[in-house]
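For reference, structure-v6.cif is printed below; it contains mmCIF, N, CA and C atoms.
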data_start
loop_
_atom_site.label_atom_id
_atom_site.label_comp_id
_atom_site.auth_asym_id
_atom_site.auth_seq_id
_atom_site.Cartn_x
_atom_site.Cartn_y
_atom_site.Cartn_z
N MET A 4 15.24 11.36 -44.50
CA MET A 4 14.48 10.68 -43.47
C MET A 4 14.84 11.24 -42.11
N SER A 5 13.84 11.27 -41.27
CA SER A 5 14.09 11.76 -39.91
C SER A 5 14.75 10.66 -39.09
N GLU A 6 15.28 11.05 -37.95
CA GLU A 6 15.95 10.08 -37.07
C GLU A 6 14.97 9.00 -36.62
N ILE A 7 13.75 9.38 -36.35
CA ILE A 7 12.74 8.41 -35.90
C ILE A 7 12.47 7.39 -37.00
N GLU A 8 12.39 7.82 -38.24
CA GLU A 8 12.13 6.91 -39.34
C GLU A 8 13.30 5.95 -39.55
N ASN A 9 14.50 6.38 -39.23
CA ASN A 9 15.67 5.53 -39.40
C ASN A 9 15.80 4.46 -38.32
N GLN A 10 15.20 4.69 -37.18
CA GLN A 10 15.28 3.70 -36.11
C GLN A 10 14.36 2.53 -36.44
N LYS A 11 14.85 1.37 -36.14
CA LYS A 11 14.04 0.18 -36.38
C LYS A 11 13.27 -0.17 -35.12
N ALA A 12 12.07 -0.55 -35.32
CA ALA A 12 11.24 -0.94 -34.17
C ALA A 12 11.68 -2.31 -33.68
N THR A 13 11.65 -2.45 -32.38
CA THR A 13 11.95 -3.74 -31.78
C THR A 13 10.65 -4.54 -31.75
N ILE A 14 10.72 -5.70 -32.30
CA ILE A 14 9.54 -6.57 -32.32
C ILE A 14 9.72 -7.63 -31.26
N ILE A 15 8.75 -7.71 -30.39
CA ILE A 15 8.76 -8.71 -29.34
C ILE A 15 7.79 -9.80 -29.73
N GLU A 16 8.32 -10.99 -29.86
CA GLU A 16 7.47 -12.11 -30.25
C GLU A 16 6.72 -12.62 -29.03
N VAL A 17 5.41 -12.73 -29.16
CA VAL A 17 4.57 -13.25 -28.10
C VAL A 17 3.90 -14.50 -28.63
N ILE A 18 4.19 -15.59 -27.97
CA ILE A 18 3.55 -16.85 -28.35
C ILE A 18 2.42 -17.10 -27.36
N PRO A 19 1.19 -17.00 -27.83
CA PRO A 19 0.07 -17.15 -26.91
C PRO A 19 -0.07 -18.60 -26.45
N THR A 20 0.27 -18.82 -25.19
CA THR A 20 0.14 -20.15 -24.60
C THR A 20 -0.78 -20.05 -23.39
N SER A 21 -1.19 -21.18 -22.91
CA SER A 21 -2.00 -21.21 -21.70
C SER A 21 -1.27 -20.54 -20.55
N GLU A 22 0.01 -20.84 -20.40
CA GLU A 22 0.80 -20.26 -19.32
C GLU A 22 0.87 -18.73 -19.45
N PHE A 23 1.04 -18.24 -20.66
CA PHE A 23 1.09 -16.80 -20.91
C PHE A 23 -0.18 -16.12 -20.41
N TYR A 24 -1.34 -16.66 -20.81
CA TYR A 24 -2.61 -16.06 -20.41
C TYR A 24 -2.90 -16.30 -18.92
N PHE A 25 -2.48 -17.43 -18.39
CA PHE A 25 -2.66 -17.71 -16.98
C PHE A 25 -1.93 -16.66 -16.13
N LYS A 26 -0.69 -16.36 -16.50
CA LYS A 26 0.08 -15.35 -15.76
C LYS A 26 -0.58 -13.98 -15.86
N ARG A 27 -1.08 -13.65 -17.03
CA ARG A 27 -1.78 -12.37 -17.19
C ARG A 27 -3.05 -12.34 -16.35
N GLY A 28 -3.74 -13.49 -16.30
CA GLY A 28 -4.94 -13.59 -15.49
C GLY A 28 -4.66 -13.39 -14.01
N ILE A 29 -3.58 -13.99 -13.53
CA ILE A 29 -3.18 -13.82 -12.13
C ILE A 29 -2.88 -12.35 -11.85
N ALA A 30 -2.15 -11.71 -12.74
CA ALA A 30 -1.81 -10.30 -12.55
C ALA A 30 -3.08 -9.43 -12.51
N ALA A 31 -4.00 -9.69 -13.41
CA ALA A 31 -5.26 -8.92 -13.41
C ALA A 31 -6.06 -9.21 -12.15
N PHE A 32 -6.09 -10.47 -11.72
CA PHE A 32 -6.80 -10.85 -10.50
C PHE A 32 -6.23 -10.10 -9.30
N GLN A 33 -4.92 -10.04 -9.21
CA GLN A 33 -4.27 -9.37 -8.08
C GLN A 33 -4.54 -7.87 -8.07
N LYS A 34 -4.83 -7.32 -9.25
CA LYS A 34 -5.18 -5.90 -9.34
C LYS A 34 -6.69 -5.69 -9.21
N ASN A 35 -7.41 -6.79 -8.94
CA ASN A 35 -8.87 -6.78 -8.81
C ASN A 35 -9.56 -6.34 -10.11
N GLU A 36 -8.95 -6.68 -11.24
CA GLU A 36 -9.52 -6.41 -12.55
C GLU A 36 -10.16 -7.70 -13.05
N MET A 37 -11.32 -8.02 -12.46
CA MET A 37 -11.93 -9.33 -12.67
C MET A 37 -12.38 -9.59 -14.11
N ASP A 38 -12.88 -8.57 -14.79
CA ASP A 38 -13.30 -8.79 -16.17
C ASP A 38 -12.11 -9.19 -17.05
N ARG A 39 -10.99 -8.50 -16.86
CA ARG A 39 -9.78 -8.86 -17.62
C ARG A 39 -9.29 -10.23 -17.20
N ALA A 40 -9.30 -10.51 -15.91
CA ALA A 40 -8.84 -11.81 -15.42
C ALA A 40 -9.68 -12.94 -16.01
N LYS A 41 -10.99 -12.74 -16.06
CA LYS A 41 -11.87 -13.78 -16.64
C LYS A 41 -11.52 -14.03 -18.10
N LYS A 42 -11.26 -12.97 -18.85
CA LYS A 42 -10.90 -13.13 -20.26
C LYS A 42 -9.60 -13.91 -20.41
N TYR A 43 -8.61 -13.55 -19.59
CA TYR A 43 -7.32 -14.24 -19.67
C TYR A 43 -7.44 -15.70 -19.26
N PHE A 44 -8.15 -15.98 -18.18
CA PHE A 44 -8.28 -17.37 -17.74
C PHE A 44 -9.10 -18.20 -18.73
N SER A 45 -10.10 -17.59 -19.33
CA SER A 45 -10.87 -18.30 -20.36
C SER A 45 -9.97 -18.68 -21.53
N ARG A 46 -9.14 -17.75 -21.92
CA ARG A 46 -8.20 -18.02 -23.02
C ARG A 46 -7.19 -19.09 -22.62
N ALA A 47 -6.74 -19.05 -21.37
CA ALA A 47 -5.79 -20.06 -20.88
C ALA A 47 -6.42 -21.45 -20.93
N VAL A 48 -7.70 -21.55 -20.57
CA VAL A 48 -8.39 -22.85 -20.65
C VAL A 48 -8.42 -23.33 -22.09
N THR A 49 -8.75 -22.44 -22.98
CA THR A 49 -8.84 -22.79 -24.41
C THR A 49 -7.52 -23.29 -24.97
N LEU A 50 -6.42 -22.71 -24.52
CA LEU A 50 -5.10 -23.05 -25.04
C LEU A 50 -4.37 -24.13 -24.24
N SER A 51 -5.03 -24.68 -23.25
CA SER A 51 -4.38 -25.68 -22.39
C SER A 51 -3.89 -26.86 -23.20
N LYS A 52 -2.64 -27.27 -22.91
CA LYS A 52 -2.04 -28.41 -23.59
C LYS A 52 -2.34 -29.72 -22.88
N ASN A 53 -2.68 -29.62 -21.59
CA ASN A 53 -2.91 -30.84 -20.82
C ASN A 53 -3.96 -30.58 -19.75
N GLU A 54 -4.33 -31.66 -19.07
CA GLU A 54 -5.39 -31.58 -18.06
C GLU A 54 -5.01 -30.65 -16.91
N GLU A 55 -3.77 -30.69 -16.49
CA GLU A 55 -3.33 -29.87 -15.36
C GLU A 55 -3.50 -28.38 -15.66
N GLU A 56 -3.06 -27.95 -16.83
CA GLU A 56 -3.22 -26.54 -17.22
C GLU A 56 -4.69 -26.16 -17.25
N SER A 57 -5.50 -27.02 -17.81
CA SER A 57 -6.94 -26.76 -17.91
C SER A 57 -7.58 -26.66 -16.53
N ILE A 58 -7.21 -27.56 -15.64
CA ILE A 58 -7.78 -27.55 -14.28
C ILE A 58 -7.45 -26.25 -13.57
N PHE A 59 -6.19 -25.86 -13.57
CA PHE A 59 -5.79 -24.65 -12.85
C PHE A 59 -6.42 -23.39 -13.44
N ALA A 60 -6.46 -23.29 -14.74
CA ALA A 60 -7.06 -22.11 -15.37
C ALA A 60 -8.56 -22.08 -15.12
N SER A 61 -9.21 -23.23 -15.22
CA SER A 61 -10.65 -23.30 -14.97
C SER A 61 -10.99 -22.94 -13.53
N CYS A 62 -10.18 -23.42 -12.62
CA CYS A 62 -10.41 -23.11 -11.21
C CYS A 62 -10.26 -21.61 -10.95
N GLN A 63 -9.24 -21.01 -11.50
CA GLN A 63 -9.05 -19.57 -11.32
C GLN A 63 -10.20 -18.79 -11.95
N LEU A 64 -10.68 -19.27 -13.08
CA LEU A 64 -11.82 -18.63 -13.73
C LEU A 64 -13.04 -18.70 -12.81
N ALA A 65 -13.27 -19.87 -12.21
CA ALA A 65 -14.40 -20.04 -11.29
C ALA A 65 -14.26 -19.10 -10.09
N ILE A 66 -13.05 -18.94 -9.59
CA ILE A 66 -12.82 -18.05 -8.45
C ILE A 66 -13.10 -16.59 -8.84
N CYS A 67 -12.75 -16.22 -10.06
CA CYS A 67 -13.06 -14.87 -10.53
C CYS A 67 -14.58 -14.64 -10.53
N TYR A 68 -15.31 -15.63 -11.05
CA TYR A 68 -16.77 -15.50 -11.05
C TYR A 68 -17.30 -15.41 -9.62
N GLN A 69 -16.70 -16.17 -8.72
CA GLN A 69 -17.11 -16.12 -7.32
C GLN A 69 -16.89 -14.71 -6.75
N HIS A 70 -15.75 -14.12 -7.07
CA HIS A 70 -15.42 -12.79 -6.55
C HIS A 70 -16.34 -11.71 -7.10
N THR A 71 -16.93 -11.93 -8.25
CA THR A 71 -17.85 -10.95 -8.83
C THR A 71 -19.31 -11.27 -8.51
N GLY A 72 -19.52 -12.27 -7.65
CA GLY A 72 -20.88 -12.62 -7.25
C GLY A 72 -21.65 -13.42 -8.28
N GLU A 73 -20.96 -13.92 -9.28
CA GLU A 73 -21.61 -14.73 -10.33
C GLU A 73 -21.46 -16.21 -9.95
N TYR A 74 -22.18 -16.56 -8.89
CA TYR A 74 -22.02 -17.88 -8.30
C TYR A 74 -22.48 -19.00 -9.22
N ASP A 75 -23.54 -18.78 -9.98
CA ASP A 75 -24.02 -19.83 -10.88
C ASP A 75 -22.96 -20.19 -11.92
N GLU A 76 -22.27 -19.18 -12.45
CA GLU A 76 -21.21 -19.43 -13.42
C GLU A 76 -20.06 -20.19 -12.77
N SER A 77 -19.71 -19.77 -11.56
CA SER A 77 -18.64 -20.44 -10.82
C SER A 77 -19.02 -21.89 -10.54
N ILE A 78 -20.26 -22.10 -10.11
CA ILE A 78 -20.75 -23.45 -9.82
C ILE A 78 -20.67 -24.33 -11.06
N GLU A 79 -21.07 -23.78 -12.18
CA GLU A 79 -21.06 -24.55 -13.44
C GLU A 79 -19.64 -25.02 -13.78
N ILE A 80 -18.68 -24.12 -13.68
CA ILE A 80 -17.28 -24.47 -13.98
C ILE A 80 -16.77 -25.52 -12.99
N LEU A 81 -17.04 -25.30 -11.71
CA LEU A 81 -16.54 -26.23 -10.70
C LEU A 81 -17.25 -27.59 -10.76
N ASP A 82 -18.54 -27.59 -11.11
CA ASP A 82 -19.23 -28.87 -11.31
C ASP A 82 -18.54 -29.70 -12.38
N GLU A 83 -18.16 -29.05 -13.44
CA GLU A 83 -17.47 -29.74 -14.53
C GLU A 83 -16.11 -30.25 -14.05
N LEU A 84 -15.39 -29.42 -13.30
CA LEU A 84 -14.10 -29.85 -12.76
C LEU A 84 -14.26 -31.05 -11.82
N ILE A 85 -15.25 -30.98 -10.95
CA ILE A 85 -15.49 -32.07 -10.00
C ILE A 85 -15.87 -33.34 -10.75
N LYS A 86 -16.71 -33.19 -11.74
CA LYS A 86 -17.13 -34.35 -12.53
C LYS A 86 -15.94 -35.01 -13.21
N ASN A 87 -15.05 -34.21 -13.76
CA ASN A 87 -13.94 -34.74 -14.54
C ASN A 87 -12.66 -34.98 -13.74
N SER A 88 -12.45 -34.20 -12.67
CA SER A 88 -11.15 -34.25 -11.99
C SER A 88 -11.24 -34.08 -10.48
N GLY A 89 -12.41 -34.26 -9.90
CA GLY A 89 -12.61 -33.97 -8.49
C GLY A 89 -11.66 -34.69 -7.56
N ASP A 90 -11.42 -35.95 -7.82
CA ASP A 90 -10.53 -36.68 -6.93
C ASP A 90 -9.07 -36.28 -7.14
N ILE A 91 -8.75 -35.74 -8.30
CA ILE A 91 -7.40 -35.28 -8.59
C ILE A 91 -7.21 -33.88 -8.01
N PHE A 92 -8.21 -33.05 -8.13
CA PHE A 92 -8.12 -31.65 -7.72
C PHE A 92 -9.18 -31.39 -6.65
N ALA A 93 -8.92 -31.86 -5.45
CA ALA A 93 -9.89 -31.79 -4.35
C ALA A 93 -10.27 -30.36 -3.99
N GLU A 94 -9.40 -29.40 -4.25
CA GLU A 94 -9.70 -28.01 -3.90
C GLU A 94 -11.00 -27.53 -4.55
N ALA A 95 -11.36 -28.13 -5.67
CA ALA A 95 -12.61 -27.74 -6.34
C ALA A 95 -13.80 -27.91 -5.40
N TYR A 96 -13.77 -28.93 -4.55
CA TYR A 96 -14.85 -29.13 -3.59
C TYR A 96 -14.91 -27.98 -2.58
N TYR A 97 -13.75 -27.55 -2.13
CA TYR A 97 -13.71 -26.44 -1.17
C TYR A 97 -14.25 -25.16 -1.80
N PHE A 98 -13.79 -24.84 -3.01
CA PHE A 98 -14.26 -23.64 -3.69
C PHE A 98 -15.76 -23.72 -3.96
N GLN A 99 -16.23 -24.91 -4.30
CA GLN A 99 -17.66 -25.09 -4.55
C GLN A 99 -18.45 -24.92 -3.25
N ALA A 100 -17.90 -25.41 -2.14
CA ALA A 100 -18.56 -25.24 -0.84
C ALA A 100 -18.75 -23.75 -0.54
N ASN A 101 -17.77 -22.95 -0.88
CA ASN A 101 -17.89 -21.50 -0.68
C ASN A 101 -19.01 -20.91 -1.52
N ASN A 102 -19.12 -21.36 -2.77
CA ASN A 102 -20.22 -20.87 -3.61
C ASN A 102 -21.57 -21.13 -2.96
N TYR A 103 -21.76 -22.36 -2.51
CA TYR A 103 -23.05 -22.71 -1.91
C TYR A 103 -23.27 -21.98 -0.59
N ALA A 104 -22.22 -21.72 0.15
CA ALA A 104 -22.35 -20.94 1.38
C ALA A 104 -22.81 -19.51 1.05
N PHE A 105 -22.22 -18.92 0.02
CA PHE A 105 -22.63 -17.58 -0.40
C PHE A 105 -24.09 -17.56 -0.83
N LEU A 106 -24.56 -18.66 -1.43
CA LEU A 106 -25.94 -18.76 -1.88
C LEU A 106 -26.88 -19.22 -0.76
N GLU A 107 -26.31 -19.39 0.43
CA GLU A 107 -27.04 -19.80 1.63
C GLU A 107 -27.63 -21.20 1.54
N ASP A 108 -27.04 -22.05 0.72
CA ASP A 108 -27.39 -23.46 0.68
C ASP A 108 -26.39 -24.17 1.59
N LEU A 109 -26.63 -24.05 2.88
CA LEU A 109 -25.67 -24.50 3.87
C LEU A 109 -25.50 -26.02 3.88
N GLU A 110 -26.57 -26.75 3.63
CA GLU A 110 -26.47 -28.21 3.60
C GLU A 110 -25.52 -28.68 2.50
N GLN A 111 -25.70 -28.13 1.31
CA GLN A 111 -24.84 -28.51 0.18
C GLN A 111 -23.40 -28.06 0.43
N SER A 112 -23.25 -26.89 1.01
CA SER A 112 -21.92 -26.40 1.34
C SER A 112 -21.21 -27.34 2.31
N LEU A 113 -21.92 -27.80 3.31
CA LEU A 113 -21.34 -28.72 4.29
C LEU A 113 -20.93 -30.04 3.64
N ILE A 114 -21.77 -30.56 2.77
CA ILE A 114 -21.43 -31.81 2.07
C ILE A 114 -20.13 -31.64 1.29
N LEU A 115 -20.02 -30.53 0.59
CA LEU A 115 -18.84 -30.29 -0.26
C LEU A 115 -17.58 -30.04 0.55
N VAL A 116 -17.68 -29.28 1.64
CA VAL A 116 -16.49 -29.01 2.44
C VAL A 116 -16.02 -30.29 3.12
N GLU A 117 -16.95 -31.13 3.52
CA GLU A 117 -16.55 -32.41 4.13
C GLU A 117 -15.92 -33.33 3.09
N GLN A 118 -16.39 -33.27 1.86
CA GLN A 118 -15.78 -34.06 0.78
C GLN A 118 -14.34 -33.61 0.56
N TYR A 119 -14.12 -32.30 0.57
CA TYR A 119 -12.76 -31.77 0.43
C TYR A 119 -11.87 -32.28 1.55
N LEU A 120 -12.34 -32.18 2.78
CA LEU A 120 -11.54 -32.60 3.93
C LEU A 120 -11.25 -34.10 3.91
N THR A 121 -12.17 -34.88 3.37
CA THR A 121 -11.96 -36.32 3.24
C THR A 121 -10.92 -36.63 2.17
N LEU A 122 -11.04 -35.96 1.03
CA LEU A 122 -10.13 -36.24 -0.09
C LEU A 122 -8.72 -35.72 0.14
N ASP A 123 -8.61 -34.60 0.85
CA ASP A 123 -7.30 -33.96 1.00
C ASP A 123 -7.11 -33.45 2.43
N PRO A 124 -6.97 -34.37 3.40
CA PRO A 124 -6.89 -33.96 4.81
C PRO A 124 -5.66 -33.11 5.14
N ASP A 125 -4.70 -33.06 4.26
CA ASP A 125 -3.51 -32.23 4.47
C ASP A 125 -3.40 -31.13 3.42
N GLY A 126 -4.51 -30.79 2.79
CA GLY A 126 -4.51 -29.84 1.68
C GLY A 126 -4.21 -28.41 2.09
N ASP A 127 -4.05 -27.59 1.07
CA ASP A 127 -3.71 -26.17 1.27
C ASP A 127 -4.80 -25.39 2.00
N PHE A 128 -6.04 -25.83 1.91
CA PHE A 128 -7.15 -25.07 2.47
C PHE A 128 -7.81 -25.77 3.67
N VAL A 129 -7.07 -26.67 4.32
CA VAL A 129 -7.64 -27.44 5.43
C VAL A 129 -8.08 -26.53 6.57
N ASP A 130 -7.28 -25.55 6.92
CA ASP A 130 -7.65 -24.65 8.02
C ASP A 130 -8.93 -23.88 7.68
N GLU A 131 -8.97 -23.31 6.50
CA GLU A 131 -10.14 -22.56 6.08
C GLU A 131 -11.37 -23.46 5.96
N ALA A 132 -11.16 -24.65 5.42
CA ALA A 132 -12.27 -25.60 5.25
C ALA A 132 -12.79 -26.08 6.61
N SER A 133 -11.90 -26.32 7.54
CA SER A 133 -12.32 -26.75 8.88
C SER A 133 -13.12 -25.65 9.57
N GLU A 134 -12.69 -24.42 9.39
CA GLU A 134 -13.42 -23.28 9.95
C GLU A 134 -14.79 -23.16 9.31
N LEU A 135 -14.86 -23.31 7.99
CA LEU A 135 -16.14 -23.27 7.29
C LEU A 135 -17.04 -24.40 7.77
N GLN A 136 -16.49 -25.59 7.90
CA GLN A 136 -17.25 -26.74 8.37
C GLN A 136 -17.85 -26.46 9.75
N GLU A 137 -17.05 -25.94 10.64
CA GLU A 137 -17.51 -25.64 12.00
C GLU A 137 -18.63 -24.60 11.97
N THR A 138 -18.44 -23.56 11.19
CA THR A 138 -19.46 -22.51 11.07
C THR A 138 -20.75 -23.06 10.49
N LEU A 139 -20.64 -23.88 9.47
CA LEU A 139 -21.84 -24.47 8.85
C LEU A 139 -22.58 -25.36 9.83
N LYS A 140 -21.87 -26.17 10.57
CA LYS A 140 -22.51 -27.04 11.54
C LYS A 140 -23.24 -26.22 12.60
N MET A 141 -22.61 -25.16 13.07
CA MET A 141 -23.27 -24.30 14.07
C MET A 141 -24.53 -23.66 13.48
N GLU A 142 -24.43 -23.15 12.24
CA GLU A 142 -25.59 -22.52 11.59
C GLU A 142 -26.72 -23.51 11.38
N LEU A 143 -26.40 -24.70 10.95
CA LEU A 143 -27.42 -25.71 10.66
C LEU A 143 -28.08 -26.22 11.94
N ASN A 144 -27.35 -26.27 13.03
CA ASN A 144 -27.93 -26.73 14.29
C ASN A 144 -28.81 -25.68 14.94
N GLU A 145 -28.66 -24.42 14.54
CA GLU A 145 -29.49 -23.35 15.11
C GLU A 145 -30.91 -23.36 14.54
N PHE A 146 -31.10 -24.00 13.41
CA PHE A 146 -32.42 -23.96 12.76
C PHE A 146 -33.29 -25.06 13.26
#
Go ahead and render the structure in this file as structure tokens.
Amino acid sequence: MSEIENQKATIIEVIPTSEFYFKRGIAAFQKNEMDRAKKYFSRAVTLSKNEEESIFASCQLAICYQHTGEYDESIEILDELIKNSGDIFAEAYYFQANNYAFLEDLEQSLILVEQYLTLDPDGDFVDEASELQETLKMELNEF
């Protein structure tokens, strides 16, 4: 036997969990590999053990669709999140407001961004949401 045949292969056990795929999705997202990120986040949603895991993976999946211009898909995911967990995960309203802004439905975008600001006045996206709100109000008043 050759030396290579005598060496034993190292087997790395991979347990596919929501967290495992979520981390892979984040890495792909950061590399702007949106198709891979969508696959990983979809798998993370499927393997979610609890509502929190499902919410975060679903939200990231919606953001991937938003980044690829697939706003209808993003809206569908976020609508479901808002329906089931909107008051728990207020950021979904902010992300949804962005979808509608991209689709030039400024009225709906304003409603959603204001809902986010009401639900989470100290949230992670308050500065961005306030800026979006101000821009939307200016745009809507010009018409």
For stretch 23-28 of chain A, find every residue with an atom within 6 Å (counting all atoms listed in the file), except residues of its own chain fewer than 3 positions away, and show them as a PDB file with N, CA and C atoms, keeping the file's coordinate frame.
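Result went into part-v9.pdb, see below:
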ATOM      1  N   PRO A  19       1.190 -17.000 -27.830  1.00  0.00           N
ATOM      2  CA  PRO A  19       0.070 -17.150 -26.910  1.00  0.00           C
ATOM      3  C   PRO A  19      -0.070 -18.600 -26.450  1.00  0.00           C
ATOM      4  N   THR A  20       0.270 -18.820 -25.190  1.00  0.00           N
ATOM      5  CA  THR A  20       0.140 -20.150 -24.600  1.00  0.00           C
ATOM      6  C   THR A  20      -0.780 -20.050 -23.390  1.00  0.00           C
ATOM      7  N   ALA A  31      -4.000  -9.690 -13.410  1.00  0.00           N
ATOM      8  CA  ALA A  31      -5.260  -8.920 -13.410  1.00  0.00           C
ATOM      9  C   ALA A  31      -6.060  -9.210 -12.150  1.00  0.00           C
ATOM     10  N   PHE A  32      -6.090 -10.470 -11.720  1.00  0.00           N
ATOM     11  CA  PHE A  32      -6.800 -10.850 -10.500  1.00  0.00           C
ATOM     12  C   PHE A  32      -6.230 -10.100  -9.300  1.00  0.00           C
ATOM     13  N   GLN A  33      -4.920 -10.040  -9.210  1.00  0.00           N
ATOM     14  CA  GLN A  33      -4.270  -9.370  -8.080  1.00  0.00           C
ATOM     15  C   GLN A  33      -4.540  -7.870  -8.070  1.00  0.00           C
ATOM     16  N   ARG A  39     -10.990  -8.500 -16.860  1.00  0.00           N
ATOM     17  CA  ARG A  39      -9.780  -8.860 -17.620  1.00  0.00           C
ATOM     18  C   ARG A  39      -9.290 -10.230 -17.200  1.00  0.00           C
ATOM     19  N   ALA A  40      -9.300 -10.510 -15.910  1.00  0.00           N
ATOM     20  CA  ALA A  40      -8.840 -11.810 -15.420  1.00  0.00           C
ATOM     21  C   ALA A  40      -9.680 -12.940 -16.010  1.00  0.00           C
ATOM     22  N   TYR A  43      -8.610 -13.550 -19.590  1.00  0.00           N
ATOM     23  CA  TYR A  43      -7.320 -14.240 -19.670  1.00  0.00           C
ATOM     24  C   TYR A  43      -7.440 -15.700 -19.260  1.00  0.00           C
ATOM     25  N   PHE A  44      -8.150 -15.980 -18.180  1.00  0.00           N
ATOM     26  CA  PHE A  44      -8.280 -17.370 -17.740  1.00  0.00           C
ATOM     27  C   PHE A  44      -9.100 -18.200 -18.730  1.00  0.00           C
ATOM     28  N   ARG A  46      -9.140 -17.750 -21.920  1.00  0.00           N
ATOM     29  CA  ARG A  46      -8.200 -18.020 -23.020  1.00  0.00           C
ATOM     30  C   ARG A  46      -7.190 -19.090 -22.620  1.00  0.00           C
ATOM     31  N   ALA A  47      -6.740 -19.050 -21.370  1.00  0.00           N
ATOM     32  CA  ALA A  47      -5.790 -20.060 -20.880  1.00  0.00           C
ATOM     33  C   ALA A  47      -6.420 -21.450 -20.930  1.00  0.00           C
TER      34      ALA A  47
END
- Task: May I ask for the distance between atom N of A:Thr13 and atom N of A:Ala30, given in Å to one decimal place?
- Result: 25.7 Å
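In this model, the gap between atom N of A:Glu110 and atom CA of A:Leu122 comes to 19.3 Å.
The residues that lie within 12 Å of the point (-15.1, -8.5, -3.5), counting only C-alpha atoms, are Phe32, Gln33, Lys34, Asn35, Glu36, Met37, Ile66, Cys67, Tyr68, Gln69, His70, Thr71, Gly72 and Glu73 of chain A.
When the PyMOL selection byres (((chain A and resi 56 and name CA) around 12) and name CA) is evaluated on the file shown here, the picked residues come out as A:Thr20, A:Ser21, A:Glu22, A:Phe23, A:Tyr24, A:Phe25, A:Lys26, A:Phe44, A:Ser45, A:Arg46, A:Ala47, A:Val48, A:Thr49, A:Leu50, A:Ser51, A:Lys52, A:Asn53, A:Glu54, A:Glu55, A:Ser57, A:Ile58, A:Phe59, A:Ala60, A:Ser61, A:Cys62, A:Gln63, A:Phe92.
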- Message: Can you pull out every residue from stretch 43-137 of chain A that DSSP, working from the backbone, puts in alpha helix (DSSP H), and format the result as JSON, numbers by chain?
- Response: {"A": [43, 44, 45, 46, 47, 48, 49, 54, 55, 56, 57, 58, 59, 60, 61, 62, 63, 64, 65, 66, 67, 68, 69, 70, 74, 75, 76, 77, 78, 79, 80, 81, 82, 83, 84, 85, 86, 87, 88, 94, 95, 96, 97, 98, 99, 100, 101, 102, 103, 104, 105, 109, 110, 111, 112, 113, 114, 115, 116, 117, 118, 119, 120, 121, 122, 129, 130, 131, 132, 133, 134, 135, 136, 137]}
- Message: Quick one: residues within 12 Å of stretch 114-117 of chain A, only C-alpha atoms, excluding same-chain residues fewer than 6 positions away - as a ChimeraX atom specification?
- Response: /A:78,81-82,85,89,93-104,108,123-124,128-140
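Distance-wise, atom CA of A:Glu142 and atom N of A:Leu109 end up 8.9 Å apart.
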- Nearest to A:Lys41 by atom-to-atom distance, counting only C-alpha atoms, from A:Ile18, A:Ala65, A:Leu120, A:Ile80: A:Ala65
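Nearest to A:Glu79 of all the residues A:Ile14, A:Thr121, A:Gln111, A:Leu64 is A:Leu64, counting only C-alpha atoms.
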